[in-house]
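This report refers to the structure that appears directly beneath it.
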Number of protein chains: 2
Amino acid sequence: MNSESAIEAGIRSAKQLLVDGITPIDREVCIQESLDLLERSEIAMVGSTDENGYPHIKAMFKIESDKLKSIWFSTITSSRRVSQFIRNPKASVYFYDAGCIAGLLLVGEMEVLQDAESKERLWKEGWEVYYPLGVTDPDYCILRFTAKYGDYYRGLQNITFDI
Amino acid sequence: MNSESAIEAGIRSAKQLLVDGITPIDREVCIQESLDLLERSEIAMVGSTDENGYPHIKAMFKIESDKLKSIWFSTITSSRRVSQFIRNPKASVYFYDAGCIAGLLLVGEMEVLQDAESKERLWKEGWEVYYPLGVTDPDYCILRFTAKYGDYYRGLQNITFDI
(Lines give C-alpha, C1' and ligand atoms only; values in the text may rest on other atoms or scores of the structure.)
Protein backbone atom coordinates (compact mmCIF):
# COMPACT_ATOMS: atom_id res chain seq x y z
CA MET A 1 0.00 0.00 0.00
CA ASN A 2 2.86 2.35 0.74
CA SER A 3 4.01 2.36 -2.85
CA GLU A 4 0.51 3.01 -4.24
CA SER A 5 0.60 6.04 -6.52
CA ALA A 6 -2.04 8.77 -6.46
CA ILE A 7 -3.32 7.51 -9.81
CA GLU A 8 -3.65 3.96 -8.43
CA ALA A 9 -5.38 5.24 -5.29
CA GLY A 10 -7.84 7.12 -7.50
CA ILE A 11 -8.62 4.00 -9.52
CA ARG A 12 -9.05 1.91 -6.35
CA SER A 13 -11.42 4.48 -4.85
CA ALA A 14 -13.44 4.77 -8.08
CA LYS A 15 -13.71 0.96 -8.36
CA GLN A 16 -15.01 0.76 -4.79
CA LEU A 17 -17.58 3.45 -5.57
CA LEU A 18 -18.84 1.50 -8.58
CA VAL A 19 -19.11 -1.65 -6.40
CA ASP A 20 -20.92 0.17 -3.57
CA GLY A 21 -23.07 2.23 -5.93
CA ILE A 22 -22.88 6.00 -6.23
CA THR A 23 -25.19 7.83 -3.85
CA PRO A 24 -26.10 11.19 -5.36
CA ILE A 25 -24.88 14.09 -3.18
CA ASP A 26 -27.77 16.49 -2.56
CA ARG A 27 -27.37 20.25 -2.29
CA GLU A 28 -27.44 20.34 1.53
CA VAL A 29 -24.76 17.64 1.93
CA CYS A 30 -22.69 19.27 -0.82
CA ILE A 31 -22.71 22.66 0.94
CA GLN A 32 -21.87 21.08 4.31
CA GLU A 33 -18.99 19.06 2.84
CA SER A 34 -17.75 22.15 0.97
CA LEU A 35 -17.79 24.14 4.21
CA ASP A 36 -15.95 21.36 6.08
CA LEU A 37 -13.29 21.22 3.36
CA LEU A 38 -12.85 25.01 3.37
CA GLU A 39 -12.68 25.18 7.17
CA ARG A 40 -10.09 22.42 7.59
CA SER A 41 -7.87 23.86 4.81
CA GLU A 42 -5.13 26.25 5.89
CA ILE A 43 -3.89 26.83 2.37
CA ALA A 44 -5.96 27.79 -0.68
CA MET A 45 -5.05 27.91 -4.34
CA VAL A 46 -5.94 31.36 -5.67
CA GLY A 47 -6.68 31.90 -9.37
CA SER A 48 -6.16 35.22 -11.17
CA THR A 49 -5.63 36.37 -14.78
CA ASP A 50 -2.45 38.01 -16.08
CA GLU A 51 -2.19 40.96 -18.48
CA ASN A 52 -2.11 38.59 -21.46
CA GLY A 53 -5.22 36.68 -20.42
CA TYR A 54 -3.46 33.61 -18.97
CA PRO A 55 -4.85 32.04 -15.79
CA HIS A 56 -2.39 32.09 -12.86
CA ILE A 57 -2.47 30.04 -9.65
CA LYS A 58 -0.76 30.68 -6.33
CA ALA A 59 -0.95 28.92 -2.96
CA MET A 60 -1.92 31.40 -0.22
CA PHE A 61 -2.60 31.10 3.49
CA LYS A 62 -6.32 31.40 4.27
CA ILE A 63 -6.49 34.05 6.99
CA GLU A 64 -10.21 34.13 7.71
CA SER A 65 -13.48 33.04 6.12
CA ASP A 66 -17.22 33.64 6.45
CA LYS A 67 -19.05 30.47 5.40
CA LEU A 68 -18.53 29.87 1.67
CA LYS A 69 -19.14 33.54 0.82
CA SER A 70 -15.99 35.42 1.86
CA ILE A 71 -12.33 34.53 2.30
CA TRP A 72 -9.54 36.88 3.37
CA PHE A 73 -5.87 36.65 2.44
CA SER A 74 -2.91 38.95 3.06
CA THR A 75 -0.23 39.81 0.54
CA ILE A 76 2.38 42.31 -0.61
CA THR A 77 0.78 45.42 -2.16
CA SER A 78 3.51 45.69 -4.83
CA SER A 79 3.11 42.02 -5.85
CA ARG A 80 2.12 40.86 -9.32
CA ARG A 81 -1.01 39.25 -7.86
CA VAL A 82 -2.32 42.58 -6.55
CA SER A 83 -1.79 44.36 -9.88
CA GLN A 84 -3.61 41.47 -11.61
CA PHE A 85 -6.64 41.80 -9.32
CA ILE A 86 -6.72 45.62 -9.61
CA ARG A 87 -6.79 45.21 -13.41
CA ASN A 88 -9.18 42.24 -13.36
CA PRO A 89 -11.01 41.24 -10.17
CA LYS A 90 -12.29 37.93 -11.58
CA ALA A 91 -10.94 35.26 -9.27
CA SER A 92 -11.26 31.72 -8.03
CA VAL A 93 -10.28 29.93 -4.84
CA TYR A 94 -9.73 26.18 -4.80
CA PHE A 95 -9.40 23.71 -1.94
CA TYR A 96 -8.33 20.11 -2.46
CA ASP A 97 -8.16 17.12 -0.14
CA ALA A 98 -6.02 14.37 -1.69
CA GLY A 99 -7.07 11.90 1.03
CA CYS A 100 -10.73 11.82 0.05
CA ILE A 101 -10.20 13.05 -3.54
CA ALA A 102 -12.50 16.02 -2.98
CA GLY A 103 -12.16 19.49 -4.47
CA LEU A 104 -14.04 22.74 -4.02
CA LEU A 105 -13.84 25.52 -6.61
CA LEU A 106 -15.27 28.89 -5.63
CA VAL A 107 -15.66 31.48 -8.38
CA GLY A 108 -16.13 35.21 -7.75
CA GLU A 109 -14.35 38.51 -7.35
CA MET A 110 -11.27 39.64 -5.42
CA GLU A 111 -10.97 43.08 -3.81
CA VAL A 112 -7.72 44.66 -2.67
CA LEU A 113 -8.27 46.31 0.74
CA GLN A 114 -5.88 48.81 2.26
CA ASP A 115 -8.08 50.30 5.00
CA ALA A 116 -6.61 50.41 8.51
CA GLU A 117 -9.55 48.53 10.06
CA SER A 118 -9.12 45.44 7.84
CA LYS A 119 -5.34 45.53 8.13
CA GLU A 120 -5.48 45.73 11.93
CA ARG A 121 -8.22 43.16 12.36
CA LEU A 122 -6.46 40.50 10.28
CA TRP A 123 -2.85 41.18 11.34
CA LYS A 124 -1.02 38.14 12.75
CA GLU A 125 1.76 38.18 15.32
CA GLY A 126 5.11 37.73 13.59
CA TRP A 127 4.12 39.16 10.21
CA GLU A 128 6.90 41.73 10.48
CA VAL A 129 8.98 39.11 8.65
CA TYR A 130 6.86 39.80 5.57
CA TYR A 131 5.91 43.44 6.27
CA PRO A 132 8.83 45.08 8.14
CA LEU A 133 6.92 48.29 8.91
CA GLY A 134 4.19 46.37 10.72
CA VAL A 135 0.44 46.81 10.45
CA THR A 136 0.72 50.24 8.80
CA ASP A 137 3.27 49.03 6.21
CA PRO A 138 1.96 50.32 2.85
CA ASP A 139 3.28 47.10 1.30
CA TYR A 140 0.87 45.06 3.47
CA CYS A 141 -2.63 44.67 2.11
CA ILE A 142 -5.64 42.40 2.41
CA LEU A 143 -7.40 40.50 -0.36
CA ARG A 144 -11.11 39.81 0.16
CA PHE A 145 -12.66 37.16 -2.07
CA THR A 146 -16.42 37.06 -2.52
CA ALA A 147 -17.87 33.90 -4.08
CA LYS A 148 -20.71 33.88 -6.62
CA TYR A 149 -20.95 30.13 -7.06
CA GLY A 150 -19.21 26.92 -6.11
CA ASP A 151 -18.41 23.63 -7.75
CA TYR A 152 -17.80 20.62 -5.50
CA TYR A 153 -16.23 17.36 -6.65
CA ARG A 154 -16.25 14.13 -4.67
CA GLY A 155 -16.98 10.49 -5.46
CA LEU A 156 -16.98 10.95 -9.26
CA GLN A 157 -19.68 13.62 -8.90
CA ASN A 158 -19.59 17.34 -9.69
CA ILE A 159 -22.19 19.63 -8.15
CA THR A 160 -22.48 23.32 -9.02
CA PHE A 161 -24.36 25.59 -6.60
CA ASP A 162 -25.04 29.31 -6.15
CA ILE A 163 -23.66 31.07 -3.08
CA MET B 1 5.10 21.54 17.06
CA ASN B 2 2.10 19.36 16.26
CA SER B 3 -0.33 22.17 16.76
CA GLU B 4 1.64 24.68 14.69
CA SER B 5 -0.57 26.16 11.99
CA ALA B 6 0.56 26.59 8.38
CA ILE B 7 0.66 30.37 8.95
CA GLU B 8 2.88 29.92 12.02
CA ALA B 9 5.15 27.51 10.15
CA GLY B 10 5.49 30.09 7.37
CA ILE B 11 6.47 32.81 9.85
CA ARG B 12 8.98 30.51 11.57
CA SER B 13 10.56 29.56 8.25
CA ALA B 14 10.72 33.21 7.09
CA LYS B 15 12.29 34.30 10.41
CA GLN B 16 14.96 31.61 10.07
CA LEU B 17 15.69 32.79 6.53
CA LEU B 18 16.17 36.36 7.73
CA VAL B 19 18.55 35.11 10.47
CA ASP B 20 20.54 32.88 8.09
CA GLY B 21 20.51 35.43 5.28
CA ILE B 22 18.76 34.93 1.97
CA THR B 23 20.96 33.31 -0.67
CA PRO B 24 19.77 34.38 -4.11
CA ILE B 25 18.58 31.40 -6.18
CA ASP B 26 20.31 31.48 -9.58
CA ARG B 27 18.66 30.36 -12.81
CA GLU B 28 20.30 26.93 -12.88
CA VAL B 29 19.31 26.05 -9.29
CA CYS B 30 15.83 27.44 -9.89
CA ILE B 31 15.30 25.21 -12.94
CA GLN B 32 16.67 22.14 -11.13
CA GLU B 33 14.46 22.75 -8.07
CA SER B 34 11.45 23.36 -10.36
CA LEU B 35 12.11 20.07 -12.15
CA ASP B 36 12.49 18.21 -8.84
CA LEU B 37 9.19 19.68 -7.58
CA LEU B 38 7.39 18.77 -10.82
CA GLU B 39 8.81 15.24 -10.86
CA ARG B 40 7.94 14.40 -7.26
CA SER B 41 4.37 15.79 -7.62
CA GLU B 42 1.68 13.29 -8.59
CA ILE B 43 -1.07 15.90 -8.62
CA ALA B 44 -1.06 19.26 -10.40
CA MET B 45 -3.42 22.20 -10.16
CA VAL B 46 -4.59 23.07 -13.66
CA GLY B 47 -5.77 26.60 -14.49
CA SER B 48 -8.25 27.39 -17.29
CA THR B 49 -10.67 30.23 -18.13
CA ASP B 50 -14.44 29.87 -18.25
CA GLU B 51 -16.82 31.35 -20.84
CA ASN B 52 -17.27 34.48 -18.69
CA GLY B 53 -13.54 35.10 -18.29
CA TYR B 54 -13.18 33.71 -14.76
CA PRO B 55 -10.08 31.66 -13.89
CA HIS B 56 -10.85 28.06 -12.87
CA ILE B 57 -8.62 25.58 -11.02
CA LYS B 58 -8.84 21.80 -10.85
CA ALA B 59 -6.56 19.17 -9.31
CA MET B 60 -5.55 16.60 -11.92
CA PHE B 61 -3.28 13.57 -11.92
CA LYS B 62 -0.02 14.24 -13.79
CA ILE B 63 0.28 11.32 -16.22
CA GLU B 64 3.60 12.09 -17.88
CA SER B 65 6.01 14.99 -18.32
CA ASP B 66 8.98 16.01 -20.45
CA LYS B 67 11.24 18.27 -18.37
CA LEU B 68 9.43 21.56 -17.66
CA LYS B 69 8.15 21.86 -21.24
CA SER B 70 5.30 19.34 -21.59
CA ILE B 71 2.83 17.72 -19.20
CA TRP B 72 0.12 15.23 -20.11
CA PHE B 73 -3.20 14.69 -18.34
CA SER B 74 -6.23 12.57 -19.15
CA THR B 75 -9.83 13.65 -18.80
CA ILE B 76 -13.41 13.21 -19.95
CA THR B 77 -13.97 14.62 -23.44
CA SER B 78 -17.44 15.93 -22.54
CA SER B 79 -16.16 17.71 -19.42
CA ARG B 80 -16.39 21.44 -18.83
CA ARG B 81 -12.59 21.65 -18.70
CA VAL B 82 -12.23 20.33 -22.26
CA SER B 83 -14.77 22.79 -23.66
CA GLN B 84 -12.93 25.60 -21.85
CA PHE B 85 -9.59 24.62 -23.44
CA ILE B 86 -11.11 24.21 -26.91
CA ARG B 87 -12.53 27.73 -26.60
CA ASN B 88 -9.41 29.19 -24.96
CA PRO B 89 -6.15 27.19 -24.82
CA LYS B 90 -4.45 29.60 -22.39
CA ALA B 91 -3.54 27.50 -19.36
CA SER B 92 -1.38 27.18 -16.29
CA VAL B 93 -0.13 24.26 -14.23
CA TYR B 94 0.88 24.73 -10.61
CA PHE B 95 2.77 22.50 -8.20
CA TYR B 96 3.07 23.24 -4.50
CA ASP B 97 5.07 21.66 -1.70
CA ALA B 98 3.71 22.75 1.69
CA GLY B 99 6.69 21.18 3.50
CA CYS B 100 9.30 23.49 1.99
CA ILE B 101 6.85 26.29 1.07
CA ALA B 102 7.82 26.11 -2.59
CA GLY B 103 5.57 26.66 -5.59
CA LEU B 104 6.05 26.33 -9.33
CA LEU B 105 3.72 28.08 -11.78
CA LEU B 106 4.01 27.08 -15.43
CA VAL B 107 2.15 29.24 -17.98
CA GLY B 108 1.38 28.14 -21.53
CA GLU B 109 -1.17 26.45 -23.75
CA MET B 110 -3.29 23.30 -23.43
CA GLU B 111 -4.17 21.08 -26.39
CA VAL B 112 -6.94 18.49 -26.42
CA LEU B 113 -5.66 15.30 -28.13
CA GLN B 114 -7.92 12.53 -29.35
CA ASP B 115 -5.52 10.61 -31.61
CA ALA B 116 -5.25 6.86 -31.04
CA GLU B 117 -1.46 6.94 -30.57
CA SER B 118 -1.57 9.38 -27.64
CA LYS B 119 -4.58 7.65 -26.08
CA GLU B 120 -2.91 4.22 -26.29
CA ARG B 121 0.50 5.38 -25.12
CA LEU B 122 -0.83 7.11 -22.00
CA TRP B 123 -3.58 4.63 -21.05
CA LYS B 124 -3.31 3.23 -17.49
CA GLU B 125 -4.50 -0.16 -16.33
CA GLY B 126 -7.81 0.19 -14.50
CA TRP B 127 -8.98 3.36 -16.25
CA GLU B 128 -12.13 1.55 -17.39
CA VAL B 129 -13.61 2.93 -14.14
CA TYR B 130 -13.47 6.39 -15.71
CA TYR B 131 -13.79 5.41 -19.40
CA PRO B 132 -15.99 2.29 -19.59
CA LEU B 133 -15.34 1.70 -23.30
CA GLY B 134 -11.59 1.49 -22.73
CA VAL B 135 -8.81 3.08 -24.72
CA THR B 136 -11.06 3.80 -27.72
CA ASP B 137 -13.79 5.40 -25.56
CA PRO B 138 -14.67 8.69 -27.32
CA ASP B 139 -15.18 10.20 -23.86
CA TYR B 140 -11.49 9.55 -23.04
CA CYS B 141 -9.06 12.21 -24.21
CA ILE B 142 -5.59 13.54 -23.44
CA LEU B 143 -4.63 17.07 -22.50
CA ARG B 144 -1.11 18.17 -23.45
CA PHE B 145 0.22 21.28 -21.75
CA THR B 146 3.16 23.16 -23.27
CA ALA B 147 4.88 25.73 -21.05
CA LYS B 148 6.12 29.13 -22.27
CA TYR B 149 7.56 30.33 -18.99
CA GLY B 150 7.79 29.42 -15.35
CA ASP B 151 7.69 31.22 -12.05
CA TYR B 152 9.31 29.53 -9.06
CA TYR B 153 8.79 30.59 -5.43
CA ARG B 154 10.89 29.43 -2.52
CA GLY B 155 12.55 31.11 0.44
CA LEU B 156 10.74 34.46 0.00
CA GLN B 157 12.08 34.65 -3.56
CA ASN B 158 10.24 34.63 -6.89
CA ILE B 159 12.15 33.80 -10.06
CA THR B 160 10.59 33.99 -13.53
CA PHE B 161 12.28 32.10 -16.36
CA ASP B 162 11.62 31.25 -20.01
CA ILE B 163 11.13 27.61 -20.98
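Following the order of the C-alpha coordinates, chains are lettered A, B, ..., residues in each are numbered from 1, and ligands are numbered from 1.
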Exercise for the section: Using only C-alpha atoms, find the residues of chain B whose closest atom to chain A is at most 7 Å away, then write them as a list in words. Expected result: Ala6, Ile7, Ile11, Ala14, Lys15, Glu42, Gly47, Ser48, Thr49, Tyr54, Pro55, His56, Ile57, Phe61, Lys90, Ala91, Ser92, Tyr94, Leu105, Gly126, Trp127 and Val129 of chain B
Handout entry: Residue neighbourhood A:Lys69, 10 Å, only C-alpha atoms, exclusion window fewer than 6 positions, as a ChimeraX atom specification
Key = /A:106,108,145-150,163
Problem - Distance query stretch 137-144 of chain A at most 10 Å, only C-alpha atoms, self and fewer than 3 positions along chain excluded, as a PyMOL selection string - result: chain A and resi 63-65+70-79+81-82+85+109-116+118-119+122-123+127-128+130-134+147
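DSSP annotation of stretch 67-134 of chain A from backbone atoms: helix (DSSP H, G or I) residues are Arg80, Arg81, Val82, Ser83, Gln84, Phe85, Ile86, Arg87, Ala116, Glu117, Ser118, Lys119, Glu120, Arg121, Leu122, Trp127, Glu128, Val129 and Gly134 of chain A.
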Practice task
To one decimal in Å, tell me the separation between atom CA of B:Asp66 and atom CA of B:Ile159.
Solution key: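 Interatomic distance here is 20.8 Å.
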Completion exercise
Here atom CA of A:Gln84 and atom CA of B:Arg154 stand apart by 20.9 Å
Problem - Distance in Å - atom CA of B:Asp151 versus atom CA of B:Ile31 - result: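 Those two atoms sit 9.7 Å apart.
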